[in-house]
Amino acid sequence: GIGVGGGGLAGIHIIETVLRDLLIGQDPTDVEAWHSEMCRHTAFYGQKGLVVMAISGVDLALWDLRGKLLGQPVARLLNEGVDLAQPLPTYRTVFDDVETEAALDAGHAAVKLHVERFGDRPDPTAIAELVERARNKLGSERALMIDAFGRWDIPSTMAVAAAIEPYQLDWLEEPLSCDDLAGYEALKQSPVPIAGGEHEYLISGFETLAREQLHTVLQPDINWCGGMTTLVQIYQLAAQTGLRVCPHRGSEVYALHAIAAIDPQPLAESPRNW
């Protein structure tokens, strides 16, 4: 099987020195059991971050192998009734007006404005003007979101949220540091839904976000969060807690299978330039 994880050379080191010895010579068919065993085997030092990124790649390779052994695409393993001919709506993350125009011309269903360039103390008026221009170009039918990339504090976030509320955004993504759970608790008062989870790991991490309702939209990255096994668990968790899942970089091949098969509101984000 073929899988892609995270962590670069350090992630490869974990696979070659820890996970490989655990798996070589074993029956690979019970993928979920091996996911649990990899997590248990590394639990003392790897419940978040680099180790889970490495596990993600191995898990995806095992899912790929499962599909090959059964002669089925992974999407059909997740949902045997999936319509693989059905087009999926996509959105593009853009960094300027030129890219916004290109996204519209390409037929994307939505656009996400990356606003990290406005700094740690953003001017709400300037961001509102950017959002207004984008909304005018998009019209009322296409979705619009913004991504702050964890740069702001609570007052800045609330000020920006108030300024952009009239423009009907689907979400404001990761305004605070990913580990500022107390801050996200305070942002429950935001008039714009809060999204996050791109830098969260394993189902245990997402259970905290869901239990406390810290995000309205969960955004796991399948190559980082624990692989397909974890992503499926996150979709199940979201269904139980009334949240939405919109995977980070969902237009890449691994997440696409889950989005096509089990996502009730499919929307795939633009991929990396490989």
# chains A, B, ... in the order shown; residues from 1 in each chain; ligands from 1
call {"tool": "residues_around", "arguments": {"residues": "range 180-190 of chain A", "least_positions_apart": "6", "cutoff": "9 Å", "atoms": "only C-alpha atoms", "output": "list in words"}}
result
Asp153, Ile154, Thr157, Met158, Ala161, Ala162, Leu209, Glu212, Gln213, Leu214 and His215 of chain A
call {"tool": "residues_around", "arguments": {"residues": "range 128-132 of chain A", "least_positions_apart": "3", "cutoff": "10 Å", "atoms": "only C-alpha atoms", "output": "list in words"}}
result
Asp96, Asp97, Lys112, Leu113, Val115, Asp123, Pro124, Thr125, Arg135, Asn136, Lys137, Leu138, Leu144, Met145, Ile146, Val160, Ala161, Ala162, Ala163, Ile164, Glu165, Pro166, Tyr167, Gln168 and Leu169 of chain A
call {"tool": "closest_residue", "arguments": {"among": "A:Ile127, A:Asp179, A:Pro191, A:Arg92", "to": "Arg249 in chain A", "atoms": "only C-alpha atoms"}}
result
A:Arg92
call {"tool": "select_by_dssp", "arguments": {"residues": "range 28-170 of chain A", "states": "helix (DSSP H, G or I)", "output": "number ranges by chain"}}
result
A: 31-41, 50-70, 74-78, 97-105, 116-118, 124-138, 154-167
call {"tool": "atom_distance", "arguments": {"atom1": "CA of Ala195 in chain A", "atom2": "CA of Gly8 in chain A"}}
result
26.3 Å
call {"tool": "select_by_dssp", "arguments": {"residues": "range 51-202 of chain A", "states": "strand (DSSP E or B)", "output": "list in words"}}
result
Thr90, Tyr91, Arg92, Thr93, Val94, Ala110, Val111, Lys112, Leu113, His114, Ala143, Leu144, Met145, Ile146, Asp147, Trp171, Leu172, Glu173, Ile194, Ala195 and Gly196 of chain A
call {"tool": "residues_around", "arguments": {"residues": "Val58 in chain A", "least_positions_apart": "3", "cutoff": "8 Å", "atoms": "only C-alpha atoms", "output": "mmCIF file with N, CA, C and O atoms, in the first residue's frame"}}
result
data_model
loop_
_atom_site.group_PDB
_atom_site.id
_atom_site.type_symbol
_atom_site.label_atom_id
_atom_site.label_comp_id
_atom_site.auth_asym_id
_atom_site.auth_seq_id
_atom_site.Cartn_x
_atom_site.Cartn_y
_atom_site.Cartn_z
ATOM 1 N N GLY A 3 0.988 5.288 1.292
ATOM 2 C CA GLY A 3 0.410 6.303 2.164
ATOM 3 C C GLY A 3 1.317 7.495 2.262
ATOM 4 O O GLY A 3 2.523 7.392 2.036
ATOM 5 N N VAL A 4 0.752 8.640 2.597
ATOM 6 C CA VAL A 4 1.512 9.870 2.808
ATOM 7 C C VAL A 4 1.181 10.401 4.198
ATOM 8 O O VAL A 4 0.012 10.627 4.519
ATOM 9 N N GLY A 5 2.215 10.573 5.010
ATOM 10 C CA GLY A 5 2.040 11.150 6.332
ATOM 11 C C GLY A 5 2.681 12.519 6.401
ATOM 12 O O GLY A 5 2.768 13.225 5.413
ATOM 13 N N ILE A 15 8.858 5.785 11.361
ATOM 14 C CA ILE A 15 8.336 4.614 10.654
ATOM 15 C C ILE A 15 9.393 3.522 10.574
ATOM 16 O O ILE A 15 9.123 2.342 10.843
ATOM 17 N N ALA A 54 3.394 10.324 11.475
ATOM 18 C CA ALA A 54 3.978 9.107 10.908
ATOM 19 C C ALA A 54 2.950 7.973 10.877
ATOM 20 O O ALA A 54 2.818 7.244 9.878
ATOM 21 N N ILE A 55 2.200 7.814 11.951
ATOM 22 C CA ILE A 55 1.145 6.799 11.999
ATOM 23 C C ILE A 55 0.127 7.029 10.891
ATOM 24 O O ILE A 55 -0.378 6.075 10.273
ATOM 25 N N ALA A 61 -1.470 3.785 4.113
ATOM 26 C CA ALA A 61 -0.915 2.706 3.299
ATOM 27 C C ALA A 61 -1.672 1.402 3.545
ATOM 28 O O ALA A 61 -1.919 0.626 2.606
ATOM 29 N N LEU A 62 -2.051 1.166 4.795
ATOM 30 C CA LEU A 62 -2.803 -0.057 5.108
ATOM 31 C C LEU A 62 -4.205 -0.011 4.504
ATOM 32 O O LEU A 62 -4.715 -1.039 4.027
ATOM 33 N N GLY A 227 -4.665 9.441 10.059
ATOM 34 C CA GLY A 227 -5.002 8.660 8.871
ATOM 35 C C GLY A 227 -6.490 8.473 8.681
ATOM 36 O O GLY A 227 -7.323 9.136 9.313
#
call {"tool": "atom_distance", "arguments": {"atom1": "CA of Asp64 in chain A", "atom2": "CA of Tyr201 in chain A"}}
result
20.9 Å
call {"tool": "closest_residue", "arguments": {"among": "A:Thr90, A:Gln47, A:Gln26, A:Thr42", "to": "Leu202 in chain A", "atoms": "only C-alpha atoms"}}
result
A:Gln47
call {"tool": "atom_distance", "arguments": {"atom1": "CA of Gly67 in chain A", "atom2": "CA of Gly1 in chain A"}}
result
8.8 Å
